[in-house]
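Trainee: Here you go, input_2.cif (mmCIF, C-alpha atoms):
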data_data
loop_
_atom_site.label_atom_id
_atom_site.label_comp_id
_atom_site.auth_asym_id
_atom_site.auth_seq_id
_atom_site.Cartn_x
_atom_site.Cartn_y
_atom_site.Cartn_z
CA MET A 1 74.52 100.03 139.61
CA THR A 2 74.45 103.82 139.22
CA THR A 3 71.46 105.77 137.94
CA HIS A 4 70.97 106.37 134.23
CA LEU A 5 72.12 109.60 132.63
CA SER A 6 69.91 112.63 133.10
CA ALA A 7 68.66 114.81 130.22
CA ARG A 8 71.54 117.23 130.70
CA GLU A 9 74.06 114.41 130.90
CA PHE A 10 72.81 112.93 127.65
CA VAL A 11 73.55 116.27 126.00
CA ASP A 12 77.00 116.27 127.59
CA ALA A 13 77.49 112.73 126.30
CA ILE A 14 76.70 113.50 122.66
CA GLU A 15 78.88 116.61 122.84
CA GLY A 16 81.77 114.80 124.55
CA GLY A 17 81.52 116.68 127.83
CA LEU A 18 80.51 113.91 130.20
CA THR A 19 82.32 113.66 133.54
CA VAL A 20 84.62 110.72 134.10
CA ASP A 21 82.30 109.24 136.70
CA ARG A 22 79.25 109.35 134.44
CA GLN A 23 81.28 108.19 131.44
CA ARG A 24 82.08 105.07 133.46
CA HIS A 25 78.36 104.43 133.78
CA LEU A 26 77.76 105.01 130.08
CA ASP A 27 80.50 102.54 129.20
CA VAL A 28 78.63 99.72 130.92
CA CYS A 29 74.97 100.75 130.46
CA ALA A 30 73.40 99.44 127.23
CA ALA A 31 70.20 101.50 127.69
CA CYS A 32 72.11 104.79 127.99
CA GLN A 33 74.38 103.82 125.07
CA THR A 34 71.32 103.20 122.86
CA GLU A 35 69.83 106.54 123.82
CA VAL A 36 73.07 108.39 123.11
CA GLU A 37 73.36 106.73 119.71
CA THR A 38 69.78 107.67 118.84
CA LEU A 39 70.39 111.28 119.79
CA ARG A 40 73.57 111.36 117.72
CA THR A 41 71.63 110.05 114.71
CA ILE A 42 69.09 112.85 115.11
CA VAL A 43 71.87 115.44 115.20
CA VAL A 44 73.28 113.95 111.97
CA ASP A 45 69.80 114.15 110.40
CA LEU A 46 69.62 117.81 111.38
CA ASP A 47 72.76 118.44 109.39
CA SER A 48 70.83 117.65 106.20
CA ASP A 49 69.10 121.00 106.66
CA ALA A 50 72.22 122.95 107.53
CA ASP A 51 72.35 124.98 104.33
CA LEU A 52 70.14 127.99 103.83
CA PRO A 53 69.26 129.57 100.49
CA GLU A 54 71.44 132.67 100.25
CA PRO A 55 69.66 135.93 99.42
CA SER A 56 70.99 137.81 96.41
CA PRO A 57 73.79 140.36 96.92
CA LEU A 58 71.25 143.00 95.88
CA PHE A 59 69.20 142.13 98.94
CA TRP A 60 72.08 142.89 101.27
CA GLU A 61 72.79 146.15 99.46
CA HIS A 62 69.16 147.14 99.83
CA PHE A 63 68.73 145.90 103.39
CA GLN A 64 70.73 148.70 104.97
CA SER A 65 68.63 151.43 103.38
CA ARG A 66 65.50 149.46 104.20
CA VAL A 67 66.42 149.42 107.90
CA ASN A 68 67.28 153.13 107.83
CA ALA A 69 63.94 153.95 106.21
CA ALA A 70 62.10 151.90 108.85
CA VAL A 71 64.01 153.62 111.65
CA ARG A 72 63.17 157.06 110.20
CA GLU A 73 59.54 156.05 109.80
CA GLU A 74 59.38 154.86 113.41
CA ALA A 75 60.88 158.12 114.60
CA MET A 76 58.39 160.19 112.60
CA VAL A 77 55.27 158.41 113.88
CA PRO A 78 54.07 160.39 116.89
CA SER A 79 53.03 158.37 119.88
CA ARG A 80 49.38 158.87 120.81
CA ALA A 81 50.17 158.47 124.47
CA ALA A 82 53.02 160.97 124.47
CA TRP A 83 51.85 163.77 122.17
CA TRP A 84 51.54 166.25 125.02
CA ARG A 85 55.06 165.56 126.17
CA THR A 86 56.34 167.65 123.27
CA LEU A 87 54.51 170.71 124.53
CA PRO A 88 56.35 173.26 126.65
CA GLY A 89 55.34 173.06 130.29
CA ALA A 90 54.24 169.46 129.92
CA GLY A 91 56.33 168.40 132.90
CA ALA A 92 54.72 170.97 135.18
CA MET A 93 51.30 170.12 133.79
CA ARG A 94 51.86 166.44 134.53
CA THR A 95 52.65 167.33 138.14
CA TRP A 96 49.47 169.38 138.43
CA LEU A 97 47.39 166.68 136.78
CA THR A 98 48.81 164.06 139.14
CA ALA A 99 48.12 166.28 142.13
CA GLY A 100 44.59 167.01 140.88
CA ALA A 101 43.86 163.34 140.30
CA THR A 102 45.14 162.48 143.78
CA VAL A 103 42.94 165.15 145.37
CA ALA A 104 39.93 163.97 143.38
CA ALA A 105 40.58 160.36 144.42
CA LEU A 106 40.88 161.39 148.06
CA VAL A 107 37.61 163.32 147.84
CA MET A 108 35.87 160.32 146.31
CA VAL A 109 37.19 157.96 148.98
CA THR A 110 36.20 160.39 151.75
CA ALA A 111 32.73 160.83 150.26
CA ILE A 112 32.21 157.07 150.05
CA TYR A 113 33.45 156.64 153.62
CA LEU A 114 31.17 159.39 154.98
CA ARG A 115 28.12 158.07 153.14
CA ALA A 116 28.62 154.42 154.14
CA PRO A 117 25.99 153.19 156.67
CA VAL A 118 27.34 153.01 160.22
CA ASP A 119 26.19 149.51 161.13
CA ALA A 120 29.45 147.68 161.79
CA GLY A 121 28.38 146.67 165.27
CA ARG A 122 24.99 145.26 164.22
CA PRO A 123 24.65 141.43 164.17
CA VAL A 124 24.90 140.12 160.63
CA ASP A 125 21.97 138.40 159.00
CA ALA A 126 23.56 136.11 156.40
CA GLY A 127 20.86 136.64 153.77
CA ALA A 128 20.71 140.39 154.23
CA ALA A 129 24.48 140.70 154.18
CA LEU A 130 24.62 138.89 150.85
CA GLU A 131 22.06 141.24 149.37
CA GLU A 132 23.97 144.25 150.59
CA THR A 133 27.22 143.09 149.05
CA VAL A 134 25.64 142.17 145.74
CA VAL A 135 23.71 145.41 145.35
CA PRO A 136 25.95 148.39 146.21
CA ASP A 137 24.48 151.59 147.52
CA GLU A 138 24.78 153.82 144.48
CA ALA A 139 24.07 156.93 146.51
CA ALA A 140 27.34 156.37 148.36
CA LEU A 141 29.26 156.74 145.09
CA VAL A 142 27.79 160.14 144.27
CA LEU A 143 29.59 163.23 145.57
CA GLY A 144 27.65 165.21 148.09
CA GLY A 145 27.07 168.95 147.86
CA ALA A 146 30.09 169.94 149.96
CA GLU A 147 32.48 167.56 148.18
CA TRP A 148 31.23 168.57 144.76
CA GLU A 149 31.60 172.21 145.69
CA PHE A 150 35.21 171.56 146.64
CA VAL A 151 36.02 169.83 143.32
CA SER A 152 34.11 172.29 141.15
CA GLY A 153 35.68 175.17 143.06
CA MET A 154 39.10 173.80 142.19
CA LEU A 155 38.17 173.51 138.55
CA GLU A 156 36.76 177.04 138.50
CA THR A 157 40.12 178.45 139.52
CA LEU A 158 41.55 177.16 136.23
CA GLN A 159 41.15 179.98 133.75
CA GLU A 160 40.83 179.21 130.05
CA ASP A 161 43.70 181.56 129.27
CA ASP A 162 45.92 179.81 131.81
CA VAL A 163 45.21 176.45 130.23
CA ARG A 164 45.79 177.83 126.74
CA ARG A 165 49.07 179.45 127.81
CA VAL A 166 50.35 176.17 129.24
CA LEU A 167 49.27 174.10 126.25
CA THR A 168 50.24 176.51 123.47
CA PRO A 169 53.92 177.16 122.76
CA SER A 170 54.73 180.83 122.26
CA ARG A 171 56.40 181.91 119.02
CA ASN A 172 60.10 180.98 118.85
CA ALA A 173 60.04 179.85 122.48
CA VAL A 174 61.74 176.55 121.70
CA ASP A 175 64.34 178.14 119.44
CA ALA A 176 65.06 180.81 122.02
CA ALA A 177 65.45 178.22 124.75
CA MET A 178 67.66 176.05 122.57
CA GLY A 179 69.77 179.06 121.64
CA ASN A 180 70.71 179.49 125.29
CA LEU A 181 72.08 175.97 125.55
CA SER A 182 75.76 175.13 125.22
CA GLU A 183 76.97 172.57 122.68
CA SER A 184 77.21 169.78 125.25
CA GLU A 185 73.81 170.72 126.68
CA ARG A 186 72.30 170.49 123.20
CA LYS A 187 73.81 167.03 122.74
CA THR A 188 72.47 165.92 126.10
CA PHE A 189 69.09 167.43 125.29
CA LEU A 190 68.97 165.62 121.96
CA ARG A 191 69.90 162.33 123.58
CA LEU A 192 67.23 162.76 126.25
CA LEU A 193 64.70 163.80 123.62
CA GLN A 194 65.44 160.73 121.50
CA ALA A 195 65.22 158.50 124.57
CA GLU A 196 61.88 160.08 125.48
CA MET A 197 60.56 159.62 121.93
CA VAL A 198 61.66 156.00 121.91
CA ALA A 199 60.07 155.47 125.33
CA GLY A 200 56.89 157.06 124.04
CA MET A 201 56.81 154.72 121.06
CA GLU A 202 57.27 151.60 123.16
CA MET B 1 41.71 172.64 120.61
CA GLY B 2 42.55 169.38 118.94
CA MET B 3 43.35 171.03 115.62
CA GLY B 4 45.24 173.84 117.29
CA SER B 5 47.37 171.60 119.42
CA GLY B 6 47.96 169.32 116.46
CA ALA B 7 49.26 172.21 114.38
CA ASN B 8 51.33 173.52 117.26
CA GLY B 9 52.61 170.05 117.94
CA ALA B 10 53.55 169.62 114.30
CA ALA B 11 55.31 172.98 114.31
CA ALA B 12 57.14 172.12 117.50
CA ALA B 13 58.07 168.74 116.10
CA GLU B 14 59.35 170.42 112.94
CA ARG B 15 61.47 172.84 114.93
CA LEU B 16 62.78 170.06 117.13
CA HIS B 17 63.47 167.94 114.07
CA GLY B 18 65.43 170.86 112.68
CA TRP B 19 67.42 171.09 115.87
CA GLY B 20 67.85 167.37 115.88
CA THR B 21 69.28 167.48 112.40
CA ARG B 22 71.60 170.33 113.26
CA VAL B 23 72.77 168.82 116.52
CA ASN B 24 73.09 165.43 114.87
CA ALA B 25 75.14 166.94 112.10
CA THR B 26 77.38 168.65 114.65
CA SER B 27 77.64 165.46 116.63
CA GLN B 28 78.50 163.42 113.58
CA ALA B 29 81.02 165.99 112.47
CA SER B 30 82.79 165.90 115.83
CA GLU B 31 82.53 162.11 115.80
CA ALA B 32 84.09 162.06 112.35
CA THR B 33 86.86 164.37 113.56
CA ALA B 34 87.46 162.08 116.51
CA VAL B 35 87.57 159.10 114.21
CA ARG B 36 90.10 160.79 111.94
CA ALA B 37 92.14 161.98 114.91
CA THR B 38 92.46 158.52 116.41
CA HIS B 39 92.83 156.84 113.00
CA LEU B 40 89.93 154.68 113.97
CA ASP B 41 87.89 153.32 111.14
CA LEU B 42 84.33 152.51 112.17
CA THR B 43 84.19 149.51 109.88
CA SER B 44 87.02 147.88 111.77
CA ALA B 45 85.97 149.13 115.21
CA GLU B 46 84.89 146.68 117.88
CA ASP B 47 81.19 146.32 118.58
CA ARG B 48 81.41 148.08 121.94
CA VAL B 49 83.08 151.06 120.25
CA LEU B 50 80.32 151.13 117.66
CA VAL B 51 77.65 151.02 120.37
CA ALA B 52 79.32 153.89 122.21
CA ALA B 53 79.60 155.87 118.99
CA PHE B 54 75.95 155.21 118.18
CA LEU B 55 74.84 156.30 121.64
CA ALA B 56 76.90 159.45 121.15
CA GLY B 57 74.87 160.20 118.03
CA SER B 58 76.72 158.54 115.17
CA HIS B 59 74.27 156.97 112.76
CA ASP B 60 77.20 155.65 110.72
CA ALA B 61 78.08 153.43 113.67
CA PHE B 62 74.59 151.97 113.57
CA ASN B 63 74.97 151.31 109.85
CA VAL B 64 78.17 149.40 110.53
CA ILE B 65 76.41 147.39 113.24
CA VAL B 66 73.67 146.49 110.76
CA ALA B 67 76.15 145.56 108.04
CA ARG B 68 78.15 143.42 110.44
CA HIS B 69 75.27 141.49 111.98
CA GLN B 70 72.59 141.49 109.28
CA ARG B 71 73.47 138.02 108.00
CA GLN B 72 73.32 136.25 111.35
CA VAL B 73 70.09 138.05 112.24
CA TYR B 74 68.53 137.21 108.89
CA GLN B 75 69.61 133.58 109.19
CA ILE B 76 68.04 133.01 112.60
CA CYS B 77 64.86 134.71 111.37
CA PHE B 78 64.84 132.52 108.28
CA ARG B 79 65.28 129.42 110.44
CA PHE B 80 62.09 130.33 112.25
CA VAL B 81 59.83 131.40 109.40
CA ARG B 82 61.36 129.52 106.45
CA ASN B 83 60.65 132.11 103.80
CA HIS B 84 62.64 135.05 102.54
CA GLU B 85 60.00 137.80 102.75
CA ASP B 86 59.05 137.12 106.36
CA ALA B 87 62.69 136.64 107.35
CA ALA B 88 63.63 139.96 105.75
CA ASP B 89 60.74 141.72 107.52
CA LEU B 90 61.70 140.17 110.83
CA ALA B 91 65.38 141.02 110.42
CA GLN B 92 64.40 144.62 109.68
CA ASP B 93 62.20 144.64 112.77
CA VAL B 94 65.09 143.33 114.86
CA PHE B 95 67.32 146.23 113.83
CA VAL B 96 64.57 148.80 114.39
CA ARG B 97 64.15 147.41 117.88
CA ALA B 98 67.91 147.45 118.32
CA PHE B 99 67.98 151.11 117.26
CA LYS B 100 65.42 151.93 119.91
CA GLY B 101 66.83 149.63 122.57
CA LEU B 102 70.60 149.92 122.23
CA LYS B 103 70.62 152.41 125.08
CA ASN B 104 69.64 149.49 127.30
CA PHE B 105 72.51 147.32 126.09
CA LYS B 106 74.68 146.89 129.18
CA GLY B 107 77.54 145.06 127.50
CA ASN B 108 77.19 142.01 129.74
CA SER B 109 77.04 139.86 126.63
CA THR B 110 78.40 140.42 123.15
CA LEU B 111 76.39 142.62 120.81
CA GLY B 112 75.84 139.57 118.61
CA THR B 113 74.29 137.64 121.49
CA TRP B 114 72.14 140.64 122.39
CA LEU B 115 70.92 140.90 118.79
CA TYR B 116 70.17 137.17 118.82
CA ARG B 117 68.07 137.76 121.93
CA VAL B 118 66.10 140.53 120.21
CA GLY B 119 65.80 138.34 117.11
CA VAL B 120 64.61 135.25 118.95
CA ASN B 121 62.02 137.31 120.81
CA CYS B 122 60.75 138.76 117.52
CA CYS B 123 60.64 135.30 115.98
CA LEU B 124 58.88 133.68 118.91
CA ASN B 125 56.29 136.45 118.85
CA ARG B 126 55.82 135.96 115.12
CA VAL B 127 55.48 132.18 115.20
CA ALA B 128 53.07 132.48 118.11
CA THR B 129 50.72 134.58 115.99
CA LYS B 130 51.37 133.23 112.52
CA ARG B 131 51.95 129.57 111.79
CA PRO B 132 52.36 128.58 108.15
CA ALA B 133 50.12 125.67 107.23
CA THR B 134 52.44 124.32 104.58
CA GLU B 135 56.06 124.64 103.60
CA PRO B 136 56.65 127.56 101.22
CA ILE B 137 57.37 126.64 97.61
CA GLU B 138 60.79 128.31 97.62
CA GLU B 139 61.85 126.05 100.48
CA SER B 140 60.80 122.77 98.86
CA ARG B 141 62.50 123.95 95.68
CA HIS B 142 65.80 124.33 97.51
CA VAL B 143 68.08 121.40 96.70
CA ASP B 144 71.41 120.89 98.37
CA GLN B 145 74.16 121.76 95.90
CA ARG B 146 76.92 119.99 97.83
CA ALA B 147 76.10 116.48 96.61
CA ASP B 148 77.60 115.57 93.25
CA ASP B 149 75.08 112.86 92.60
CA PRO B 150 71.64 114.34 91.65
CA LEU B 151 69.83 111.40 93.23
CA ARG B 152 71.68 111.91 96.49
CA ALA B 153 70.86 115.60 96.28
CA VAL B 154 67.15 114.83 95.95
CA VAL B 155 67.22 112.33 98.81
CA ARG B 156 69.07 114.80 100.97
CA GLY B 157 66.57 117.49 100.02
CA GLU B 158 63.69 115.22 101.01
CA LYS B 159 65.34 114.48 104.31
CA ALA B 160 65.92 118.18 104.91
CA ALA B 161 62.26 118.96 104.22
CA GLN B 162 61.24 116.23 106.64
CA VAL B 163 63.54 117.67 109.30
CA ARG B 164 62.17 121.19 108.72
CA ARG B 165 58.59 120.02 109.15
CA ALA B 166 59.52 118.23 112.36
CA ILE B 167 61.37 121.25 113.76
CA ALA B 168 58.37 123.47 112.99
CA LYS B 169 56.26 121.27 115.27
CA LEU B 170 58.53 121.64 118.29
CA PRO B 171 57.45 123.80 121.22
CA PRO B 172 58.85 127.35 120.79
CA LYS B 173 61.59 127.22 123.42
CA GLN B 174 62.83 123.79 122.33
CA ARG B 175 62.80 124.99 118.75
CA ALA B 176 64.79 128.12 119.60
CA THR B 177 67.29 126.11 121.63
CA LEU B 178 67.78 123.58 118.85
CA LEU B 179 68.18 126.18 116.11
CA LEU B 180 70.67 128.22 118.11
CA ARG B 181 72.70 125.18 119.15
CA VAL B 182 72.75 123.13 115.96
CA TYR B 183 72.65 125.73 113.20
CA GLN B 184 74.05 128.88 114.79
CA GLU B 185 76.50 126.77 116.83
CA LEU B 186 76.14 128.90 119.95
CA SER B 187 77.33 127.59 123.31
CA HIS B 188 74.82 126.53 125.95
CA GLU B 189 75.90 129.55 127.99
CA GLU B 190 75.16 131.93 125.13
CA ILE B 191 71.79 130.31 124.51
CA ALA B 192 70.99 130.60 128.21
CA GLY B 193 71.74 134.31 127.98
CA ILE B 194 69.54 134.70 124.92
CA LEU B 195 66.58 132.77 126.27
CA GLY B 196 66.94 134.06 129.81
CA SER B 197 67.27 130.62 131.37
CA SER B 198 69.95 128.53 133.06
CA VAL B 199 72.51 126.38 131.25
CA GLY B 200 70.90 123.31 132.79
CA ALA B 201 67.50 124.31 131.44
CA VAL B 202 69.01 124.87 128.00
CA LYS B 203 70.56 121.40 127.98
CA ALA B 204 67.32 119.84 129.17
CA ASN B 205 65.43 121.73 126.44
CA PHE B 206 67.92 120.54 123.84
CA PHE B 207 67.58 116.95 124.99
CA HIS B 208 63.78 117.09 124.85
CA ALA B 209 63.93 118.78 121.45
CA LEU B 210 66.03 115.89 120.11
CA ARG B 211 63.73 113.32 121.70
CA ASN B 212 60.66 114.99 120.21
CA LEU B 213 62.35 115.19 116.83
CA LYS B 214 63.05 111.49 116.96
CA ARG B 215 59.38 110.82 117.63
CA LEU B 216 58.25 113.23 114.92
CA LEU B 217 60.63 111.86 112.31
CA GLN B 218 59.57 108.31 113.02
CA SER B 219 55.86 109.03 112.83
#
Translate this file's structure into structure tokens.
Mentor:
Amino acid sequence: MTTHLSAREFVDAIEGGLTVDRQRHLDVCAACQTEVETLRTIVVDLDSDADLPEPSPLFWEHFQSRVNAAVREEAMVPSRAAWWRTLPGAGAMRTWLTAGATVAALVMVTAIYLRAPVDAGRPVDAGAALEETVVPDEAALVLGGAEWEFVSGMLETLQEDDVRRVLTPSRNAVDAAMGNLSESERKTFLRLLQAEMVAGME
Amino acid sequence: MGMGSGANGAAAAERLHGWGTRVNATSQASEATAVRATHLDLTSAEDRVLVAAFLAGSHDAFNVIVARHQRQVYQICFRFVRNHEDAADLAQDVFVRAFKGLKNFKGNSTLGTWLYRVGVNCCLNRVATKRPATEPIEESRHVDQRADDPLRAVVRGEKAAQVRRAIAKLPPKQRATLLLRVYQELSHEEIAGILGSSVGAVKANFFHALRNLKRLLQS
């Protein structure tokens, strides 16, 4: 006696796609035949709910404009995360911010490493070790004078005017830049801009 | 700073919007010229042509896509939520997502299948967060018009309501599989593409959906 039909084979059976070999089993197996019949009855029951109430023709006429309005609305809503991307020089600023953040992280890690107690070779007292791990040494997380000087020195080199110049678009700068683009470059720019706006909204 | 950058941002956005409109107009004009030149009517163009035209900047192409697929998208949404308002909202959401995501459409499946995928995802998200406690009035009011005999129509309507309630209790993936297979008449391969699973898994899901329905209808 062969094994009964599997879940997938039952589906094949009710849809008439069973292999010859498995069909031979179904022909002689009462249990599988009963199951197939039950499943077929369920599918027939499902047909009772085949019809859907049809929306009015007015709905379909209105739907198109409704979608267009929603698309326009989506495009107009500025993304909170991407507002600065629209500013000129945002790409360069992102690079500088990334570099600054990396330097700051490195300084922090170095400071923590330098301040950590040098006791790796000391035998470990289980109780004491537990206390040390539970209560971190807060002093180790604070930047020391030299490290702080380095970070604050970096920040001091940023002049207010420099920051303002990067963040504030000059008059007609965008129009002037766009005016220098060829037709195909404008199309590409628009496509990239739309992609960026969509990415910002997601 | 905040106010200043907001105003500058708004001004920049306005300028860019202006450019966008101009470039879009130019793009659409050249698209229209191309359409006239090749005697190609967007309404009769294949889906892949419409997608390409949309990605090239033709909003008309998107409108044709919506007009062509709105019914199937609405229907699958209605199957999930069983009321017109929610189905209409969901269908709208599907096309907004399509507008934003068509650039990611690789053409490995048909556009219809891809829209089904977006639609099913929207619907599964919706039913996961909002489950109607009872069947909407408009649904229970719906009586099958195919039966000549009013009594048969009522009985059939009762049966349909029973089936709907049972389907609503199925686990999400079984429910999606069942709806796509039985009512949208998609192949197991298409459903596998939509749900991101194998054909075998789709068949197994379908089998378990039918078994669960049997149990639910008997109880």
Trainee: Give me the residues of chain A that have any atom at most 6 Å from an atom of chain B; for each, the nearest atom pair and the distance in Å, rounded to one decimal. Use all atoms listed in the file, sort by chain and number, and format it as JSON lines.
Mentor:
{"residue": "A:Ala7", "atom": "CA", "partner": "B:Ala204", "partner_atom": "CA", "distance": 5.3}
{"residue": "A:Arg8", "atom": "CA", "partner": "B:Lys203", "partner_atom": "CA", "distance": 5.1}
{"residue": "A:Ser48", "atom": "CA", "partner": "B:Ala160", "partner_atom": "CA", "distance": 5.1}
{"residue": "A:Asp49", "atom": "CA", "partner": "B:Ala160", "partner_atom": "CA", "distance": 4.6}
{"residue": "A:Val67", "atom": "CA", "partner": "B:Gln92", "partner_atom": "CA", "distance": 5.5}
{"residue": "A:Val71", "atom": "CA", "partner": "B:Val96", "partner_atom": "CA", "distance": 5.6}
{"residue": "A:Val198", "atom": "CA", "partner": "B:Lys100", "partner_atom": "CA", "distance": 5.9}
Trainee: How many Å separate atom CA of B:Thr43 from atom CA of B:Glu185?
Mentor: 25.0 Å
Trainee: Work out how far apart atom CA of A:Ala75 and atom CA of A:Met197 are and give it in Å to one decimal.
Mentor: 7.5 Å
Trainee: Return the single residue from A:Thr2, A:Ser56, A:Thr188, A:Thr98 that is closest to A:Arg24, with distances computed using only C-alpha atoms.
Mentor: A:Thr2
Trainee: Nearest to B:Ala168 among B:Ser187, B:Asn108, B:Asn212, B:Ser58, with distances taken over only C-alpha atoms: which residue is it?
Mentor: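 Closest candidate: B:Asn212.
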Trainee: Record the distance separating atom CA of B:Thr113 and atom CA of B:Ile191, expressed in Å with one decimal.
Mentor: 8.3 Å
Trainee: Taking (77.1, 109.0, 133.0) in the coordinates of the supplied file, I want to know which residues reach to within 9 Å of it, counting only C-alpha atoms; could you give the answer as a PDB file with C-alpha atoms, in the coordinates of the input?
Mentor:
ATOM      1  CA  THR A   2      74.450 103.820 139.220  1.00  0.00           C
ATOM      2  CA  THR A   3      71.460 105.770 137.940  1.00  0.00           C
ATOM      3  CA  HIS A   4      70.970 106.370 134.230  1.00  0.00           C
ATOM      4  CA  LEU A   5      72.120 109.600 132.630  1.00  0.00           C
ATOM      5  CA  SER A   6      69.910 112.630 133.100  1.00  0.00           C
ATOM      6  CA  GLU A   9      74.060 114.410 130.900  1.00  0.00           C
ATOM      7  CA  PHE A  10      72.810 112.930 127.650  1.00  0.00           C
ATOM      8  CA  ALA A  13      77.490 112.730 126.300  1.00  0.00           C
ATOM      9  CA  LEU A  18      80.510 113.910 130.200  1.00  0.00           C
ATOM     10  CA  THR A  19      82.320 113.660 133.540  1.00  0.00           C
ATOM     11  CA  VAL A  20      84.620 110.720 134.100  1.00  0.00           C
ATOM     12  CA  ASP A  21      82.300 109.240 136.700  1.00  0.00           C
ATOM     13  CA  ARG A  22      79.250 109.350 134.440  1.00  0.00           C
ATOM     14  CA  GLN A  23      81.280 108.190 131.440  1.00  0.00           C
ATOM     15  CA  ARG A  24      82.080 105.070 133.460  1.00  0.00           C
ATOM     16  CA  HIS A  25      78.360 104.430 133.780  1.00  0.00           C
ATOM     17  CA  LEU A  26      77.760 105.010 130.080  1.00  0.00           C
ATOM     18  CA  ASP A  27      80.500 102.540 129.200  1.00  0.00           C
ATOM     19  CA  CYS A  29      74.970 100.750 130.460  1.00  0.00           C
ATOM     20  CA  CYS A  32      72.110 104.790 127.990  1.00  0.00           C
TER      21      CYS A  32
END
Trainee: List the spatial neighbours of B:Leu111 as a list in words - criterion: any atom at most 10 Å away, all atoms listed in the file, same-chain residues fewer than 5 positions off excluded.
Mentor: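 My reading of the contact set: Glu46, Asp47, Arg48, Leu50, Val51, Ile65, His69, Leu102, Phe105, Lys106, Tyr116 and Arg117 of chain B.
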Trainee: Based on the selection just made, write C-alpha atoms of those residues as a PDB file, in the coordinates of the input.
Mentor:
ATOM      1  CA  GLU B  46      84.890 146.680 117.880  1.00  0.00           C
ATOM      2  CA  ASP B  47      81.190 146.320 118.580  1.00  0.00           C
ATOM      3  CA  ARG B  48      81.410 148.080 121.940  1.00  0.00           C
ATOM      4  CA  LEU B  50      80.320 151.130 117.660  1.00  0.00           C
ATOM      5  CA  VAL B  51      77.650 151.020 120.370  1.00  0.00           C
ATOM      6  CA  ILE B  65      76.410 147.390 113.240  1.00  0.00           C
ATOM      7  CA  HIS B  69      75.270 141.490 111.980  1.00  0.00           C
ATOM      8  CA  LEU B 102      70.600 149.920 122.230  1.00  0.00           C
ATOM      9  CA  PHE B 105      72.510 147.320 126.090  1.00  0.00           C
ATOM     10  CA  LYS B 106      74.680 146.890 129.180  1.00  0.00           C
ATOM     11  CA  TYR B 116      70.170 137.170 118.820  1.00  0.00           C
ATOM     12  CA  ARG B 117      68.070 137.760 121.930  1.00  0.00           C
TER      13      ARG B 117
END
Trainee: Please write a file for stretch 65-77 of chain B, taken from the block I just shared, that holds N, CA and C atoms and is laid out as a compact mmCIF listing (two decimals), in the first residue's frame.
Mentor:
# COMPACT_ATOMS: atom_id res chain seq x y z
N ILE B 65 -2.42 53.03 -16.57
CA ILE B 65 -2.17 51.87 -15.70
C ILE B 65 -3.26 51.77 -14.63
N VAL B 66 -3.59 52.92 -14.04
CA VAL B 66 -4.64 52.93 -13.01
C VAL B 66 -5.97 52.47 -13.60
N ALA B 67 -6.32 53.06 -14.74
CA ALA B 67 -7.61 52.71 -15.36
C ALA B 67 -7.68 51.23 -15.71
N ARG B 68 -6.56 50.69 -16.13
CA ARG B 68 -6.54 49.29 -16.58
C ARG B 68 -6.62 48.31 -15.40
N HIS B 69 -6.01 48.67 -14.29
CA HIS B 69 -5.89 47.69 -13.19
C HIS B 69 -6.73 48.04 -11.96
N GLN B 70 -7.45 49.13 -12.01
CA GLN B 70 -8.16 49.59 -10.81
C GLN B 70 -9.20 48.56 -10.32
N ARG B 71 -9.85 47.90 -11.27
CA ARG B 71 -10.92 46.97 -10.87
C ARG B 71 -10.35 45.76 -10.14
N GLN B 72 -9.30 45.18 -10.69
CA GLN B 72 -8.72 43.99 -10.03
C GLN B 72 -8.14 44.36 -8.66
N VAL B 73 -7.53 45.54 -8.58
CA VAL B 73 -6.94 45.97 -7.30
C VAL B 73 -8.06 46.21 -6.28
N TYR B 74 -9.11 46.89 -6.74
CA TYR B 74 -10.23 47.16 -5.83
C TYR B 74 -10.85 45.84 -5.35
N GLN B 75 -10.99 44.90 -6.29
CA GLN B 75 -11.66 43.64 -5.93
C GLN B 75 -10.88 42.86 -4.87
N ILE B 76 -9.56 42.78 -5.03
CA ILE B 76 -8.79 42.03 -4.03
C ILE B 76 -8.85 42.75 -2.69
N CYS B 77 -8.85 44.08 -2.73
CA CYS B 77 -8.95 44.85 -1.48
C CYS B 77 -10.31 44.60 -0.83
